[in-house]
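Novice: Questions regarding the structure given below will be posed in turn.
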Amino acid sequence: MISFIIIEFHSVEDIKGCIVSIKTGCENIPYEIIVSSNSCYLPETQNKLKHDFPEIRWSFNRKNGGFAYAMNQGLKIAFGKYMAIINPDVRLKNGLILMVEFMQSHPSVGAIAPLIVNKQGMTQDSARAYVSVQRYVWRSIKRVISHKSSVLDKNMDYTQVQTVDWVIGAFIMVQREVYEKTKGMDEYYFMYAEDLDWCTRIRASGYEVVYFPLAKVEYEGSRSARHSFKYAKIFFKSHIYYWNKHGFFGGYPKRKSIIMLD
């Protein structure tokens with residue numbers, strides 16, 4: 001039913017906790033776990049990991065090609081009707097079966113994502129409006145003024161199931177046909193904006209992206225681009241590529257509806 005694709009980059013300890021939460025959250029749901037590793041381990045380490053985690057299907061990638069590259073390697077070998085990309089430091093909390101049932105009853109929904117909270121239980125800004133240049137600038141200003149790492153949209157009710165422009169790649173579930181139509185993620189993005197790009201293309205293909213707070217996961221995120229010049233440079237390069245590809249000033253697909261109550 002569900003293929004979970006997790007990226008691993010020298011993060012085996014995080015993988016362990018993620019797997020436990022998947023097992024707990026997938027009671028009575030057939031699933032598989034695929035770990036796509038960008039760590040470039042030696043054969044001895046690969047064999048040890050296969051032995052230590054026999055329930056996992058491993059994809060040991062030949063290079064560290066970045067987030068989109070690693071996710072695509074896992075998606076290519078997935079069997080599930082639904083395919084969930086998930087960060088290794090995400091922990092499933094509740095509501096996964098409700099999310100699956102919602103996808104089953106709403107074929108127009110191409111991608112869906114849960115409510116994300118941090119370790120303190122605070123709602124994170126995981127569902128967002130398209131990042132045009134002007135929105136990028138305004139969001140950066142608001143973050144500096146508020147001194148907050150997560151800037152919630154005052155016009156959005158984070159308790160409602162609703163269509164959104166895009167959701168962050170910490171956890172996104174898509175239909176298989178959507179993956180096949182969009183061919184997965186754009187591997188030009190090494191890090192950042194690949195989730196934004198994928199959701200843009202999913203919506204341009206005629207599907208909706210849905211924020212589904214009846215399901216919940218815990219995820220903090222390192223927010224490396226705010227503390228490192230190296231990652232800030234990658235972050236900006238990714239967005240420049242996105243704007244060149246989709247339009248600098250926001251000529252993106254429009255949502256068909258806002259709140260989905262059923």
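Residues in the structure tokens are named by chain (A, B, ... in the order shown) and by number from 1 within that chain; ligands are numbered from 1 in the order shown.
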I'd like the neighbourhood of Phe235 of chain A as a PyMOL selection string, where a residue qualifies if any of its atoms comes within 8 Å (using only C-alpha atoms), though same-chain residues fewer than 2 positions away should be ignored.

Specialist: chain A and resi 191-193+225+231-233+237-239

Novice: Write a file of the just-selected residues containing all heavy atoms, as an mmCIF file, in the first residue's frame.

Specialist:
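And here's part_12.cif as it stands now:
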```cif
data_model
loop_
_atom_site.group_PDB
_atom_site.id
_atom_site.type_symbol
_atom_site.label_atom_id
_atom_site.label_comp_id
_atom_site.auth_asym_id
_atom_site.auth_seq_id
_atom_site.Cartn_x
_atom_site.Cartn_y
_atom_site.Cartn_z
ATOM 1 N N MET A 191 20.024 20.602 -2.838
ATOM 2 C CA MET A 191 19.225 20.780 -1.624
ATOM 3 C C MET A 191 18.335 21.998 -1.819
ATOM 4 O O MET A 191 18.666 22.898 -2.587
ATOM 5 C CB MET A 191 20.112 21.031 -0.388
ATOM 6 C CG MET A 191 20.900 19.855 0.103
ATOM 7 S SD MET A 191 21.985 20.325 1.490
ATOM 8 C CE MET A 191 20.752 20.789 2.731
ATOM 9 N N TYR A 192 17.205 22.000 -1.154
ATOM 10 C CA TYR A 192 16.291 23.146 -1.113
ATOM 11 C C TYR A 192 15.527 23.334 -2.424
ATOM 12 O O TYR A 192 16.067 23.183 -3.517
ATOM 13 C CB TYR A 192 17.026 24.445 -0.767
ATOM 14 C CG TYR A 192 17.871 24.373 0.473
ATOM 15 C CD1 TYR A 192 19.251 24.558 0.409
ATOM 16 C CD2 TYR A 192 17.296 24.109 1.710
ATOM 17 C CE1 TYR A 192 20.040 24.491 1.547
ATOM 18 C CE2 TYR A 192 18.080 24.036 2.855
ATOM 19 C CZ TYR A 192 19.455 24.227 2.767
ATOM 20 O OH TYR A 192 20.229 24.149 3.888
ATOM 21 N N ALA A 193 14.248 23.643 -2.279
ATOM 22 C CA ALA A 193 13.320 23.998 -3.364
ATOM 23 C C ALA A 193 12.909 22.829 -4.245
ATOM 24 O O ALA A 193 12.032 22.979 -5.095
ATOM 25 C CB ALA A 193 13.879 25.127 -4.237
ATOM 26 N N ALA A 225 20.693 26.612 6.228
ATOM 27 C CA ALA A 225 20.924 27.796 5.379
ATOM 28 C C ALA A 225 20.935 29.090 6.178
ATOM 29 O O ALA A 225 21.431 30.113 5.702
ATOM 30 C CB ALA A 225 19.867 27.861 4.282
ATOM 31 N N TYR A 231 25.549 26.674 2.916
ATOM 32 C CA TYR A 231 24.186 26.220 2.671
ATOM 33 C C TYR A 231 23.287 27.370 2.219
ATOM 34 O O TYR A 231 22.339 27.164 1.449
ATOM 35 C CB TYR A 231 23.620 25.546 3.910
ATOM 36 C CG TYR A 231 24.241 24.193 4.161
ATOM 37 C CD1 TYR A 231 25.111 23.986 5.233
ATOM 38 C CD2 TYR A 231 23.980 23.125 3.314
ATOM 39 C CE1 TYR A 231 25.694 22.743 5.454
ATOM 40 C CE2 TYR A 231 24.550 21.882 3.527
ATOM 41 C CZ TYR A 231 25.410 21.696 4.598
ATOM 42 O OH TYR A 231 25.986 20.466 4.801
ATOM 43 N N ALA A 232 23.575 28.572 2.679
ATOM 44 C CA ALA A 232 22.809 29.734 2.219
ATOM 45 C C ALA A 232 23.004 29.941 0.715
ATOM 46 O O ALA A 232 22.061 30.272 -0.011
ATOM 47 C CB ALA A 232 23.232 30.978 2.982
ATOM 48 N N LYS A 233 24.229 29.707 0.251
ATOM 49 C CA LYS A 233 24.529 29.832 -1.177
ATOM 50 C C LYS A 233 23.770 28.790 -1.982
ATOM 51 O O LYS A 233 23.199 29.092 -3.041
ATOM 52 C CB LYS A 233 26.033 29.679 -1.386
ATOM 53 C CG LYS A 233 26.501 29.911 -2.808
ATOM 54 C CD LYS A 233 28.019 29.801 -2.909
ATOM 55 C CE LYS A 233 28.492 29.999 -4.345
ATOM 56 N NZ LYS A 233 29.979 29.871 -4.437
ATOM 57 N N LYS A 237 20.835 29.562 -4.738
ATOM 58 C CA LYS A 237 21.025 29.012 -6.085
ATOM 59 C C LYS A 237 19.815 28.177 -6.495
ATOM 60 O O LYS A 237 19.342 28.258 -7.649
ATOM 61 C CB LYS A 237 22.291 28.159 -6.126
ATOM 62 C CG LYS A 237 22.554 27.508 -7.476
ATOM 63 C CD LYS A 237 23.804 26.622 -7.433
ATOM 64 C CE LYS A 237 24.023 25.923 -8.770
ATOM 65 N NZ LYS A 237 25.212 25.019 -8.736
ATOM 66 N N SER A 238 19.280 27.370 -5.580
ATOM 67 C CA SER A 238 18.117 26.535 -5.871
ATOM 68 C C SER A 238 16.903 27.384 -6.197
ATOM 69 O O SER A 238 16.139 27.079 -7.118
ATOM 70 C CB SER A 238 17.812 25.615 -4.685
ATOM 71 O OG SER A 238 18.830 24.653 -4.512
ATOM 72 N N HIS A 239 16.713 28.466 -5.452
ATOM 73 C CA HIS A 239 15.552 29.314 -5.708
ATOM 74 C C HIS A 239 15.700 30.108 -7.000
ATOM 75 O O HIS A 239 14.699 30.328 -7.705
ATOM 76 C CB HIS A 239 15.306 30.227 -4.508
ATOM 77 C CG HIS A 239 14.626 29.535 -3.371
ATOM 78 N ND1 HIS A 239 15.302 28.720 -2.484
ATOM 79 C CD2 HIS A 239 13.316 29.485 -3.005
ATOM 80 C CE1 HIS A 239 14.446 28.223 -1.608
ATOM 81 N NE2 HIS A 239 13.234 28.655 -1.900
#
```

Novice: What's the 10 Å shell around Glu208 of chain A, counting only C-alpha atoms, without same-chain residues fewer than 6 positions away, as a PyMOL selection string?

Specialist: chain A and resi 106-112+162-166+199-200+202+253-257

Novice: Neighbours of Glu180 of chain A within 12 Å (only C-alpha atoms; same-chain residues fewer than 3 positions away dropped), as a VMD selection string?

Specialist: chain A and resid 72 75 to 76 78 81 to 83 110 174 to 177 183 to 185 202 205

Novice: Please produce a file of those selected residues containing N, CA and C atoms, as a PDB file, in the first residue's frame.

Specialist:
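Okay, this is what ended up in selection12.pdb:
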```
ATOM      1  N   ASN A  72      14.851  10.116  -5.771  1.00  0.00           N
ATOM      2  CA  ASN A  72      14.517   9.471  -7.043  1.00  0.00           C
ATOM      3  C   ASN A  72      15.049   8.040  -7.104  1.00  0.00           C
ATOM      4  N   LEU A  75      12.513   6.105  -5.122  1.00  0.00           N
ATOM      5  CA  LEU A  75      11.211   6.063  -5.793  1.00  0.00           C
ATOM      6  C   LEU A  75      11.216   5.091  -6.972  1.00  0.00           C
ATOM      7  N   LYS A  76      12.339   4.994  -7.661  1.00  0.00           N
ATOM      8  CA  LYS A  76      12.435   4.117  -8.827  1.00  0.00           C
ATOM      9  C   LYS A  76      12.186   2.653  -8.489  1.00  0.00           C
ATOM     10  N   ALA A  78      10.375   1.567  -5.768  1.00  0.00           N
ATOM     11  CA  ALA A  78       9.232   1.425  -4.861  1.00  0.00           C
ATOM     12  C   ALA A  78       8.087   0.682  -5.532  1.00  0.00           C
ATOM     13  N   LYS A  81       1.372   1.696  -3.893  1.00  0.00           N
ATOM     14  CA  LYS A  81       0.351   2.503  -4.556  1.00  0.00           C
ATOM     15  C   LYS A  81       0.520   3.962  -4.175  1.00  0.00           C
ATOM     16  N   TYR A  82       0.939   4.171  -2.918  1.00  0.00           N
ATOM     17  CA  TYR A  82       1.253   5.500  -2.430  1.00  0.00           C
ATOM     18  C   TYR A  82       2.722   5.518  -2.024  1.00  0.00           C
ATOM     19  N   MET A  83       3.377   6.642  -2.292  1.00  0.00           N
ATOM     20  CA  MET A  83       4.827   6.736  -2.072  1.00  0.00           C
ATOM     21  C   MET A  83       5.084   7.939  -1.193  1.00  0.00           C
ATOM     22  N   GLY A 110      -3.086  14.834  -5.573  1.00  0.00           N
ATOM     23  CA  GLY A 110      -1.858  14.214  -6.035  1.00  0.00           C
ATOM     24  C   GLY A 110      -0.825  14.045  -4.954  1.00  0.00           C
ATOM     25  N   VAL A 174       2.554  10.839  -2.204  1.00  0.00           N
ATOM     26  CA  VAL A 174       1.986  11.044  -3.531  1.00  0.00           C
ATOM     27  C   VAL A 174       1.382   9.746  -4.061  1.00  0.00           C
ATOM     28  N   GLN A 175       0.441   9.889  -4.987  1.00  0.00           N
ATOM     29  CA  GLN A 175      -0.067   8.723  -5.705  1.00  0.00           C
ATOM     30  C   GLN A 175       0.998   8.232  -6.689  1.00  0.00           C
ATOM     31  N   ARG A 176       1.008   6.940  -6.936  1.00  0.00           N
ATOM     32  CA  ARG A 176       1.977   6.392  -7.896  1.00  0.00           C
ATOM     33  C   ARG A 176       1.819   7.031  -9.271  1.00  0.00           C
ATOM     34  N   GLU A 177       0.589   7.218  -9.715  1.00  0.00           N
ATOM     35  CA  GLU A 177       0.386   7.784 -11.048  1.00  0.00           C
ATOM     36  C   GLU A 177       0.919   9.214 -11.138  1.00  0.00           C
ATOM     37  N   LYS A 183       7.617  12.185 -13.121  1.00  0.00           N
ATOM     38  CA  LYS A 183       8.974  11.613 -13.175  1.00  0.00           C
ATOM     39  C   LYS A 183       9.801  11.935 -11.936  1.00  0.00           C
ATOM     40  N   GLY A 184       9.114  12.151 -10.819  1.00  0.00           N
ATOM     41  CA  GLY A 184       9.837  12.387  -9.579  1.00  0.00           C
ATOM     42  C   GLY A 184      10.385  13.797  -9.467  1.00  0.00           C
ATOM     43  N   MET A 185      11.447  13.931  -8.701  1.00  0.00           N
ATOM     44  CA  MET A 185      12.019  15.235  -8.406  1.00  0.00           C
ATOM     45  C   MET A 185      13.045  15.646  -9.456  1.00  0.00           C
ATOM     46  N   ILE A 202       3.279  19.026  -9.830  1.00  0.00           N
ATOM     47  CA  ILE A 202       2.114  18.183  -9.533  1.00  0.00           C
ATOM     48  C   ILE A 202       0.834  18.968  -9.782  1.00  0.00           C
ATOM     49  N   SER A 205       0.070  19.558 -13.352  1.00  0.00           N
ATOM     50  CA  SER A 205      -0.413  18.339 -14.019  1.00  0.00           C
ATOM     51  C   SER A 205      -1.882  18.082 -13.752  1.00  0.00           C
TER      52      SER A 205
END
```

Novice: Pick out the closest residue to Met99 of chain A from this set: A:Ile29, A:His246, A:Ile15, A:Gly66. Count only C-alpha atoms.

Specialist: A:Ile29

Novice: Name the residues of segment 73-231 of chain A that fall into strand (DSSP E or B) according to DSSP on the backbone, using the chain letters and numbers of this document, as a PyMOL selection string.

Specialist: chain A and resi 82-86+91-94+109-117+123+127-128+162-164+166-167+171-175+208-218

Novice: Please provide as a ChimeraX atom specification all residues within 9 Å of Thr159 of chain A, with the sequence filter that same-chain residues fewer than 5 positions apart are discarded (counting only C-alpha atoms).

Specialist: /A:115,212-214

Novice: Rank nothing, just name the residue among A:Val131, A:Leu49, A:Val90, A:Cys18 nearest to Ile240 of chain A, using only C-alpha atoms.

Specialist: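 Nearest to Ile240 of chain A: A:Val131.
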
Novice: Using only C-alpha atoms, can you tell me which of A:Glu13, A:Asp89, A:Glu8, A:Glu32 comes closest to Gln73 of chain A?

Specialist: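 Closest to Gln73 of chain A, using only C-alpha atoms: A:Glu8.
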